[in-house]
$ cat input_1.cif   # mmCIF, C-alpha atoms
data_model
loop_
_atom_site.group_PDB
_atom_site.id
_atom_site.type_symbol
_atom_site.label_atom_id
_atom_site.label_comp_id
_atom_site.auth_asym_id
_atom_site.auth_seq_id
_atom_site.Cartn_x
_atom_site.Cartn_y
_atom_site.Cartn_z
ATOM 1 C CA MET A 7 0.000 0.000 0.000
ATOM 2 C CA ASP A 8 1.461 3.364 -0.976
ATOM 3 C CA LYS A 9 1.890 6.281 1.431
ATOM 4 C CA THR A 10 -1.004 8.286 -0.028
ATOM 5 C CA ALA A 11 -3.476 5.411 0.322
ATOM 6 C CA LEU A 12 -2.293 4.700 3.860
ATOM 7 C CA GLU A 13 -2.610 8.382 4.782
ATOM 8 C CA GLN A 14 -6.185 8.387 3.453
ATOM 9 C CA LEU A 15 -6.968 5.359 5.635
ATOM 10 C CA ARG A 16 -5.392 7.084 8.659
ATOM 11 C CA TYR A 17 -7.154 10.437 8.147
ATOM 12 C CA PRO A 18 -10.344 9.782 6.187
ATOM 13 C CA ILE A 19 -11.820 13.185 7.105
ATOM 14 C CA GLY A 20 -8.492 15.025 7.144
ATOM 15 C CA LYS A 21 -6.542 16.278 10.137
ATOM 16 C CA TYR A 22 -8.169 18.556 12.697
ATOM 17 C CA GLU A 23 -7.879 22.220 11.818
ATOM 18 C CA ILE A 24 -9.008 24.957 14.174
ATOM 19 C CA PRO A 25 -11.094 27.548 12.345
ATOM 20 C CA THR A 26 -10.154 31.155 12.999
ATOM 21 C CA PRO A 27 -12.246 32.602 14.433
ATOM 22 C CA ILE A 28 -14.408 29.947 16.040
ATOM 23 C CA LYS A 29 -17.976 31.125 15.506
ATOM 24 C CA PRO A 30 -21.181 30.202 17.369
ATOM 25 C CA GLY A 31 -22.223 28.107 14.347
ATOM 26 C CA HIS A 32 -19.081 26.000 14.675
ATOM 27 C CA LEU A 33 -19.804 25.388 18.348
ATOM 28 C CA SER A 34 -23.447 24.423 17.726
ATOM 29 C CA GLU A 35 -22.419 22.022 14.968
ATOM 30 C CA TRP A 36 -19.658 20.451 17.073
ATOM 31 C CA ILE A 37 -21.904 20.008 20.104
ATOM 32 C CA ALA A 38 -24.513 18.320 17.890
ATOM 33 C CA VAL A 39 -21.807 15.963 16.565
ATOM 34 C CA LEU A 40 -20.876 15.082 20.151
ATOM 35 C CA GLU A 41 -24.516 14.642 21.132
ATOM 36 C CA TYR A 42 -25.240 12.111 18.396
ATOM 37 C CA LEU A 43 -21.888 10.288 18.284
ATOM 38 C CA PRO A 44 -22.811 7.551 20.809
ATOM 39 C CA GLU A 45 -26.001 6.680 18.916
ATOM 40 C CA LYS A 46 -24.269 6.687 15.515
ATOM 41 C CA LEU A 47 -21.409 4.554 16.796
ATOM 42 C CA SER A 48 -23.770 2.059 18.440
ATOM 43 C CA LYS A 49 -25.845 1.656 15.279
ATOM 44 C CA LEU A 50 -22.685 1.146 13.252
ATOM 45 C CA VAL A 51 -20.957 -1.456 15.413
ATOM 46 C CA ASN A 52 -23.744 -3.357 17.177
ATOM 47 C CA ARG A 53 -24.485 -5.379 14.049
ATOM 48 C CA LEU A 54 -20.871 -6.514 13.612
ATOM 49 C CA SER A 55 -19.773 -10.055 14.433
ATOM 50 C CA ASP A 56 -16.911 -10.839 16.797
ATOM 51 C CA ALA A 57 -14.710 -11.593 13.776
ATOM 52 C CA GLN A 58 -15.550 -8.217 12.253
ATOM 53 C CA LEU A 59 -14.828 -6.467 15.563
ATOM 54 C CA GLU A 60 -11.367 -8.071 15.458
ATOM 55 C CA THR A 61 -10.602 -6.539 12.042
ATOM 56 C CA ALA A 62 -8.131 -3.655 11.868
ATOM 57 C CA TYR A 63 -9.415 -0.571 10.083
ATOM 58 C CA ARG A 64 -6.072 -0.255 8.274
ATOM 59 C CA PRO A 65 -2.775 -2.161 8.072
ATOM 60 C CA GLY A 66 -1.059 -1.725 11.438
ATOM 61 C CA GLY A 67 -4.129 -0.011 12.901
ATOM 62 C CA TRP A 68 -6.434 -0.825 15.762
ATOM 63 C CA THR A 69 -9.288 -3.273 15.492
ATOM 64 C CA VAL A 70 -12.862 -2.025 15.527
ATOM 65 C CA ARG A 71 -13.124 -3.285 19.129
ATOM 66 C CA GLN A 72 -10.038 -1.275 20.123
ATOM 67 C CA LEU A 73 -11.422 1.815 18.343
ATOM 68 C CA VAL A 74 -14.688 1.637 20.283
ATOM 69 C CA HIS A 75 -12.853 1.311 23.594
ATOM 70 C CA HIS A 76 -10.412 4.071 22.578
ATOM 71 C CA ILE A 77 -13.190 6.540 21.745
ATOM 72 C CA SER A 78 -14.756 5.924 25.154
ATOM 73 C CA ASP A 79 -11.435 6.276 26.992
ATOM 74 C CA SER A 80 -10.404 9.371 25.066
ATOM 75 C CA HIS A 81 -13.704 11.190 25.461
ATOM 76 C CA HIS A 82 -13.723 10.370 29.171
ATOM 77 C CA HIS A 83 -10.359 12.126 29.425
ATOM 78 C CA SER A 84 -11.705 15.061 27.449
ATOM 79 C CA TYR A 85 -14.678 15.444 29.793
ATOM 80 C CA ILE A 86 -12.294 15.595 32.771
ATOM 81 C CA ARG A 87 -10.157 18.189 30.953
ATOM 82 C CA PHE A 88 -13.211 20.412 30.489
ATOM 83 C CA LYS A 89 -13.947 20.167 34.206
ATOM 84 C CA TRP A 90 -10.356 20.966 35.161
ATOM 85 C CA ALA A 91 -10.246 23.994 32.880
ATOM 86 C CA LEU A 92 -13.542 25.267 34.290
ATOM 87 C CA THR A 93 -12.421 24.909 37.905
ATOM 88 C CA GLU A 94 -8.680 25.633 37.761
ATOM 89 C CA ASP A 95 -6.590 28.383 36.180
ATOM 90 C CA ASN A 96 -5.055 26.931 32.986
ATOM 91 C CA PRO A 97 -4.250 23.527 34.495
ATOM 92 C CA VAL A 98 -1.565 21.319 33.050
ATOM 93 C CA ILE A 99 -3.461 18.175 32.153
ATOM 94 C CA LYS A 100 -2.242 14.638 32.565
ATOM 95 C CA PRO A 101 -1.885 12.997 29.168
ATOM 96 C CA TYR A 102 -2.433 9.296 28.736
ATOM 97 C CA LEU A 103 -0.630 6.819 26.530
ATOM 98 C CA GLU A 104 -3.463 5.920 24.165
ATOM 99 C CA LYS A 105 -1.494 3.278 22.250
ATOM 100 C CA GLU A 106 -0.612 1.511 25.488
ATOM 101 C CA TRP A 107 -4.203 1.788 26.757
ATOM 102 C CA SER A 108 -5.408 0.225 23.511
ATOM 103 C CA SER A 109 -2.992 -2.662 24.021
ATOM 104 C CA LEU A 110 -4.431 -3.547 27.419
ATOM 105 C CA PHE A 111 -6.496 -6.691 27.925
ATOM 106 C CA ASP A 112 -9.820 -4.857 28.245
ATOM 107 C CA ALA A 113 -9.359 -2.845 25.043
ATOM 108 C CA LYS A 114 -8.555 -6.022 23.123
ATOM 109 C CA THR A 115 -11.219 -8.329 24.562
ATOM 110 C CA ALA A 116 -13.985 -6.582 26.503
ATOM 111 C CA PRO A 117 -17.493 -6.469 25.091
ATOM 112 C CA ILE A 118 -17.951 -3.235 23.166
ATOM 113 C CA GLN A 119 -21.241 -2.593 24.953
ATOM 114 C CA LEU A 120 -19.260 -1.585 28.052
ATOM 115 C CA SER A 121 -17.652 1.296 26.172
ATOM 116 C CA LEU A 122 -20.794 2.140 24.201
ATOM 117 C CA ASP A 123 -22.717 2.542 27.472
ATOM 118 C CA HIS A 124 -19.858 4.509 29.010
ATOM 119 C CA LEU A 125 -19.592 6.801 25.972
ATOM 120 C CA SER A 126 -23.330 7.417 26.040
ATOM 121 C CA ALA A 127 -23.223 8.449 29.704
ATOM 122 C CA VAL A 128 -20.091 10.588 29.326
ATOM 123 C CA HIS A 129 -21.499 12.359 26.269
ATOM 124 C CA ALA A 130 -24.848 13.018 27.950
ATOM 125 C CA LYS A 131 -22.986 14.762 30.767
ATOM 126 C CA LEU A 132 -20.531 16.465 28.409
ATOM 127 C CA VAL A 133 -23.179 17.836 26.065
ATOM 128 C CA TYR A 134 -25.268 19.087 28.990
ATOM 129 C CA LEU A 135 -22.188 20.886 30.324
ATOM 130 C CA LEU A 136 -21.175 22.324 26.938
ATOM 131 C CA LYS A 137 -24.634 23.716 26.213
ATOM 132 C CA GLY A 138 -24.407 25.746 29.428
ATOM 133 C CA LEU A 139 -20.987 27.318 28.838
ATOM 134 C CA SER A 140 -20.727 31.076 28.504
ATOM 135 C CA THR A 141 -18.515 32.895 26.024
ATOM 136 C CA LYS A 142 -16.113 33.550 28.885
ATOM 137 C CA ASP A 143 -16.109 29.856 29.838
ATOM 138 C CA LEU A 144 -15.250 28.897 26.250
ATOM 139 C CA GLU A 145 -12.108 31.041 26.476
ATOM 140 C CA ARG A 146 -10.796 29.140 29.504
ATOM 141 C CA ARG A 147 -7.713 27.048 28.794
ATOM 142 C CA PHE A 148 -5.747 24.023 29.770
ATOM 143 C CA THR A 149 -2.173 23.165 28.847
ATOM 144 C CA HIS A 150 -1.057 19.867 27.398
ATOM 145 C CA PRO A 151 2.457 19.088 28.661
ATOM 146 C CA ASP A 152 3.580 17.771 25.260
ATOM 147 C CA GLY A 153 4.930 20.997 23.828
ATOM 148 C CA ASN A 154 3.161 23.108 26.477
ATOM 149 C CA GLU A 155 0.292 23.581 24.036
ATOM 150 C CA GLU A 156 -2.570 25.695 25.399
ATOM 151 C CA THR A 157 -6.074 24.797 24.252
ATOM 152 C CA THR A 158 -9.249 26.795 24.785
ATOM 153 C CA LEU A 159 -12.429 24.964 25.638
ATOM 154 C CA ALA A 160 -13.928 26.171 22.345
ATOM 155 C CA GLU A 161 -11.016 24.561 20.475
ATOM 156 C CA ASN A 162 -11.395 21.373 22.495
ATOM 157 C CA ILE A 163 -15.074 21.061 21.580
ATOM 158 C CA GLY A 164 -14.033 21.083 17.921
ATOM 159 C CA ARG A 165 -11.147 18.705 18.514
ATOM 160 C CA TYR A 166 -13.376 16.070 20.098
ATOM 161 C CA ALA A 167 -16.157 16.466 17.545
ATOM 162 C CA TRP A 168 -13.441 15.835 14.933
ATOM 163 C CA HIS A 169 -11.979 12.942 16.968
ATOM 164 C CA GLY A 170 -15.265 11.076 17.188
ATOM 165 C CA SER A 171 -16.043 11.694 13.515
ATOM 166 C CA HIS A 172 -12.507 10.635 12.557
ATOM 167 C CA HIS A 173 -12.847 7.226 14.215
ATOM 168 C CA LEU A 174 -16.439 6.788 13.061
ATOM 169 C CA ALA A 175 -15.154 7.280 9.489
ATOM 170 C CA HIS A 176 -12.476 4.617 10.095
ATOM 171 C CA ILE A 177 -15.191 2.101 10.908
ATOM 172 C CA GLU A 178 -17.578 3.257 8.171
ATOM 173 C CA ASN A 179 -14.845 3.014 5.544
ATOM 174 C CA LEU A 180 -13.845 -0.460 6.726
ATOM 175 C CA ILE A 181 -17.455 -1.648 6.514
ATOM 176 C CA THR A 182 -17.726 -0.224 2.986
ATOM 177 C CA ARG A 183 -14.407 -1.732 1.839
ATOM 178 C CA LYS A 184 -15.285 -5.158 3.262
ATOM 179 C CA GLU A 185 -18.879 -4.913 2.001
ATOM 180 C CA TRP A 186 -20.266 -5.893 5.411
#

$ encode --input "input_1.cif" --output "structure tokens"
Amino acid sequence: MDKTALEQLRYPIGKYEIPTPIKPGHLSEWIAVLEYLPEKLSKLVNRLSDAQLETAYRPGGWTVRQLVHHISDSHHHSYIRFKWALTEDNPVIKPYLEKEWSSLFDAKTAPIQLSLDHLSAVHAKLVYLLKGLSTKDLERRFTHPDGNEETTLAENIGRYAWHGSHHLAHIENLITRKEW
């Protein structure tokens, strides 16, 4: 597989780009994406067999099962980051080693329903929180220690809407390619 084809498999919707400026329409769209992600993901993966769940979305990539568990883990972290930024002054967040988490026993073998239920609960709380944020709240920041990168909450809403859509596209494209 050539580099271009592999890159398309890795980033089927492109890489996340922060619009400048972030407008209220962006935020509404992103929050809607987050609100409906758990339902879309459930409908997509609940019909898959165990063998299909064990299929990698690309050469060297995670299996569908690992993707489902990763989305849940990642969005749980994001929810906590929102809370930290709303209650602390530009906190330095604790990153997590997503590749290592996805190599753990639970990510490789646990029923996907555990993470689908978890994602649904986390997103219900997250979306409720996001819909109540003020313009001032959206400007609050946290710092990621990798490169000391500061992120506003408005930017993070977009990042996680992209993240969920990115992994949903991985699974959708796999299903289309395999004609499942």

$ closest_residue --input "input_1.cif" --among "A:Lys46, A:His76, A:His32, A:Lys100" --to "Thr149 (chain A)" --atoms "only C-alpha atoms"
A:Lys100

$ closest_residue --input "input_1.cif" --among "A:Val98, A:Leu73, A:Ala130, A:Ile37" --to "Arg147 (chain A)" --atoms "only C-alpha atoms"
A:Val98

$ residues_around --input "input_1.cif" --residues "His83 (chain A)" --least-positions-apart "3" --cutoff "12 Å" --atoms "all atoms listed in the file" --output "PyMOL selection string"
chain A and resi 76-80+86-90+99-104+125+128-129+132+162+166

$ atom_distance --input "input_1.cif" --atom1 "CA of Ile118 (chain A)" --atom2 "CA of Trp68 (chain A)"
13.9 Å

$ residues_around --input "input_1.cif" --residues "region 113-115 of chain A" --least-positions-apart "5" --cutoff "10 Å" --atoms "all atoms listed in the file" --output "list in words"
Asp56, Leu59, Glu60, Trp68, Thr69, Val70, Arg71, Gln72, Leu73, Val74, His75, His76, Asp79, Glu106, Trp107, Ser108 and Ser121 of chain A

$ resolve_selection --input "input_1.cif" --expression "the PyMOL selection byres ((chain A and resi 136-143) around 9)" --output "list in words"
Ser34, Ile37, Phe88, Ala91, Leu92, Lys131, Leu132, Val133, Tyr134, Leu135, Leu144, Glu145, Arg146, Arg147, Leu159, Ala160 and Ile163 of chain A

$ atom_distance --input "input_1.cif" --atom1 "CA of Arg16 (chain A)" --atom2 "CA of Ala127 (chain A)"
27.6 Å

$ closest_residue --input "input_1.cif" --among "A:Ala11, A:Leu54, A:Ala167, A:Ala62" --to "Tyr42 (chain A)" --atoms "only C-alpha atoms"
A:Ala167

$ resolve_selection --input "input_1.cif" --expression "the PyMOL selection byres ((chain A and resi 157) around 6)" --output "list in words"
Arg147, Phe148, Glu156 and Thr158 of chain A

$ atom_distance --input "input_1.cif" --atom1 "CA of Trp168 (chain A)" --atom2 "CA of His82 (chain A)"
15.3 Å

$ resolve_selection --input "input_1.cif" --expression "the PyMOL selection byres ((chain A and resi 174) around 10)" --output "number ranges by chain"
A: 18-19, 43, 46-47, 50-51, 70, 73-74, 77, 168-173, 175-180

$ closest_residue --input "input_1.cif" --among "A:Thr182, A:Ala116, A:Pro27, A:Glu155" --to "Asn96 (chain A)" --atoms "all atoms listed in the file"
A:Glu155

$ axis_aligned_box --input "input_1.cif" --around "region 105-120 of chain A" --padding-each-side "8 Å" --output "JSON"
{"center_x": -10.9, "center_y": -2.5, "center_z": 25.2, "size_x": 36.6, "size_y": 27.6, "size_z": 22.0}
